[in-house]
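Read the structure below first, then the notes.
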Amino acid sequence: MRWLLSQISAIAVRVQPWRICLTRPIALELKKVLTDMSLPRPLSDTIIELLKPVASELGERLGASAVNERYAEIEPSAASSALNQQIKKDPRWIKAQVKYLQRQHSREQELIAIASIEEEWVKEERANRVKAQELRDKRAISRLCRELMREFQSEAIRVKLSQIQTIWDKDNWFSNLSRQETEQILQQQQHRLLLLVAPAKISQDCPDSFRHNLNIELPAKLRSFLNQHYPQHGESCPVQFYGDYFKKAISDIDVERLQTVLSPVPTAILYSDISDYEVNFHLGFWGIINQSVSLVAMQPWNWEEVYQQLEAEGKDEKVSLRIIRQIIVTIHKLLAAFLADLYYLNIDFTHEPQLFKLEAEFAQEWFSKDWAQPYIETLKEIQEQQRIVYKGEMRRLALREAKARAERKRLEDRELKHREETEEASKRAKELAHQLKNLKWRCVYTLPGHSSFVNSLAISPDSKILASGSWDKTIKIWNLEKGELIGTLTGHSDRVNSVAISYDGKMLVSGSSDETIKFWNLYNGDLLCTFPGHSMEVNSVAINPKGQIIASCGGADNTIKLWNLRTGELLRTLRGHSNNVNAVVFSPDGKILASGSSDATSKVWDVESGKLLRTLSGVNVGVNSVAIAPDGQILASVSNDYTIKLRNLHTGSLLRIFNSHSARGKGVANLGMNEGLHILQNYVSRGDSVAISRDGLTLASGCDDNTINLWNLHTGELLSTLKGHSGTVYSVAIAPSGNLLASGSADETIKIWRCD
């Protein structure tokens, strides 16, 4: 009898497009159980799919050479692999795993503490409480796994529901099924294994007992078995069972047809055919490991031989046929239990196979529990390998979590430090703002000497020398601290529009309406060289602080030219403005050049390549003067719309607009990104010049209301207004020392201001 019953474990696999064999441990077990014959080793493609990657990983980690079996190369389904990977990457799954890992560590520590307790009843009670907590956590993980499975498959289910009508119309076979039940299966909100059993195909030559009773007993007893051990709404391994879904017996092709509709739902189908002497058991499934249809046929079981043995033992026909029907039903139970546990082991590391507890279910009068042992051993092997894989994943997850905690701590510390630095900077800014507001500026010298407008000023790096350019065609050199005239430089044949002193303090460069640029020795006033600049006039010159480069602009050619400071060689010409270029300035690192033009734009250029980086536009008014803050982050421009605009030099975003009309002394709030068109035209007088102090705190602007305004660069607050000129202030310059300011005016004078 044992020989007969054990044949259910000899599964000859017919899975397209591969064939699969059994691993050596299971073969040895079978050999031990099946002592009277040599059988093929049973194993479905499902088990191979699970064992192969795990065996490989174990071999790599432990250096084991115990895995001697050569497996057929099986490509995993992309859909299933993607689904499993999707779950493992989901933040909810990772969070749950981390939480489980933390709680598991706490439980391990508690069990260590419990071991030292002397009272056995206390020890047992607390240990049971820890085990109950472990079980609750595992069940929570299982629920989350199934919820994510269902969520990630919802789109595929929605598509199938939309296609049902087309599929039903295309294949007449589906008319044998209930469309309503099919839709209900797809619409189930709970993720579960779907298990279907088809009516057995029974030959007319079979005994009436088979044809009258088997298709009644099979679904009823299988339903009762599954409801008891794998209930549909259970927490650990729910199985949705249909015993009457198929109206008649099915074949392999029908399994493949059904997969076209139910592919998003993991499904196993049991079906069989019975001739007058043998039974053929068939399995079809998808979604247990991958989405491909697997078709498995067991070796035929000769029931007639069993019948003859029972008859020889004195059993009557009715009892013998009843025993054979019981065997057929029990085989279905075993296969159903094995497939259910196999599926949940695959998706849930916490799953404890129910089959381990069901040996008594199969150990009856005409059965031996040994014949189910290969299935139990296979599940144990898979479970152990799954746990090894899981422990590896948990170690990696723990490492990632430790790194993440360290990174969060680092970011928190950095944020805390940033807040502290910000608070300290804010405190210092308030103190500086208070100091700036309380600075008292007074005019210490008024320097006459020019016979026309003073159009440009430049202060030497040591704050001792002041150079002034005038419409009277001269440049005058002054002792800034004493207010004394040192000398007058003549040579230009038209008004001097711009002067600049080199960063080593040795050279003076001037630009004139006579269309030339001149180089002077600042100490002795010698003219070093002259070369043509622009057509009509040179409006502005600037010297690169980091390189031997001069920038000039102006005239009707609307261009900016870059020159070699030592040789006077023209390096390149920058084109892009559509009107006179009025002002140029280099950034402190010498890499960027900013320009202002009568075409109502400021432009930012890359010095090395000459490439235009960005164009900053406002309302349709010209830009008269530009300045860059010492930190190289802020560009200030003065326009004919009576505003001073501050922009981020690197992004072009408008940061602030200064005004001194309706909100004098209150400044202007910071503006958002890309708000350059929202200009406040409240500046009472046209600004013609602007300068920023070396400490980056103060901005000075000259106005055509004959005043100089001093602003807090970072708050926009108007600090003070210096009065004394009787004409438009065309030029302002702040000494590097920060305590001296020079202003040049249409009243033909220069005033030196000192702060106390």
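Ordering of the structure tokens sets the chain letters (A, B, ...); residue numbers start at 1 within each chain; ligands are numbered from 1 in the order shown.
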
task = Determine, counting only C-alpha atoms, which protein, DNA and RNA residues have an atom within 7 Å of an atom of Tyr445 in chain A; residues of the same chain fewer than 3 positions away are not included. Present the result as a ChimeraX atom specification.
result = /A:483,751-752

message = Please extract the residues of range 183-421 of chain A with a backbone DSSP assignment of helix (DSSP H, G or I) and present them as a PyMOL selection string.
response = chain A and resi 183-187+208-229+252-262+303-312+317-347+354-357+359-362+369-421

Hey, could you make a per-residue contact list for range 353-462 of chain A against range 234-251 of chain A with 12 Å as the cut-off, showing the nearest pair of atoms and its distance in Å to one decimal, counting only C-alpha atoms, sorted by chain and number, as CSV?
residue,atom,partner,partner_atom,distance
A:Pro353,CA,A:Cys237,CA,8.6
A:Gln354,CA,A:Cys237,CA,8.5
A:Leu355,CA,A:Cys237,CA,11.4

Shell of 12 Å around range 118-132 of chain A, only C-alpha atoms, local chain residues under 4 positions omitted, as a CSV table (one decimal) with N, CA, C and O atoms, in the first residue's frame:
chain,number,residue,atom,x,y,z
A,103,ARG,N,12.3,45.9,17.0
A,103,ARG,CA,11.5,45.2,18.0
A,103,ARG,C,12.1,43.8,18.3
A,103,ARG,O,12.0,43.3,19.4
A,104,GLN,N,12.5,43.1,17.2
A,104,GLN,CA,13.1,41.8,17.4
A,104,GLN,C,14.4,41.9,18.3
A,104,GLN,O,14.6,41.0,19.1
A,105,HIS,N,15.2,42.9,18.0
A,105,HIS,CA,16.4,43.1,18.9
A,105,HIS,C,16.0,43.3,20.3
A,105,HIS,O,16.6,42.8,21.3
A,106,SER,N,14.9,44.1,20.6
A,106,SER,CA,14.4,44.3,21.9
A,106,SER,C,14.0,43.0,22.6
A,106,SER,O,14.2,42.8,23.8
A,107,ARG,N,13.3,42.2,21.8
A,107,ARG,CA,12.8,40.9,22.3
A,107,ARG,C,14.0,40.0,22.7
A,107,ARG,O,14.0,39.3,23.7
A,108,GLU,N,15.0,40.0,21.8
A,108,GLU,CA,16.2,39.2,22.1
A,108,GLU,C,16.8,39.6,23.4
A,108,GLU,O,17.3,38.8,24.2
A,109,GLN,N,16.9,40.9,23.7
A,109,GLN,CA,17.5,41.4,24.9
A,109,GLN,C,16.6,41.0,26.1
A,109,GLN,O,17.1,40.7,27.2
A,110,GLU,N,15.3,41.1,25.9
A,110,GLU,CA,14.4,40.7,27.0
A,110,GLU,C,14.5,39.2,27.3
A,110,GLU,O,14.4,38.8,28.5
A,111,LEU,N,14.6,38.4,26.3
A,111,LEU,CA,14.7,36.9,26.5
A,111,LEU,C,16.0,36.6,27.3
A,111,LEU,O,16.0,35.7,28.1
A,112,ILE,N,17.1,37.4,27.0
A,112,ILE,CA,18.3,37.2,27.8
A,112,ILE,C,18.1,37.5,29.2
A,112,ILE,O,18.5,36.8,30.1
A,113,ALA,N,17.3,38.6,29.5
A,113,ALA,CA,17.0,39.0,30.9
A,113,ALA,C,16.1,37.9,31.5
A,113,ALA,O,16.3,37.6,32.7
A,114,ILE,N,15.2,37.4,30.8
A,114,ILE,CA,14.2,36.4,31.3
A,114,ILE,C,15.0,35.2,31.8
A,114,ILE,O,14.6,34.5,32.8
A,136,ARG,N,2.5,38.6,16.7
A,136,ARG,CA,1.8,39.7,16.3
A,136,ARG,C,2.5,40.5,15.2
A,136,ARG,O,2.0,41.0,14.2
A,137,ASP,N,3.8,40.7,15.5
A,137,ASP,CA,4.7,41.5,14.5
A,137,ASP,C,4.8,40.7,13.2
A,137,ASP,O,4.7,41.4,12.1
A,138,LYS,N,4.9,39.4,13.2
A,138,LYS,CA,5.0,38.6,12.0
A,138,LYS,C,3.7,38.7,11.2
A,138,LYS,O,3.7,38.8,10.0
A,139,ARG,N,2.6,38.7,11.9
A,139,ARG,CA,1.3,38.7,11.2
A,139,ARG,C,1.1,40.1,10.6
A,139,ARG,O,0.5,40.3,9.5

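Note that the spacing between CA of Val197 in chain A and CA of Tyr375 in chain A amounts to 20.1 Å.
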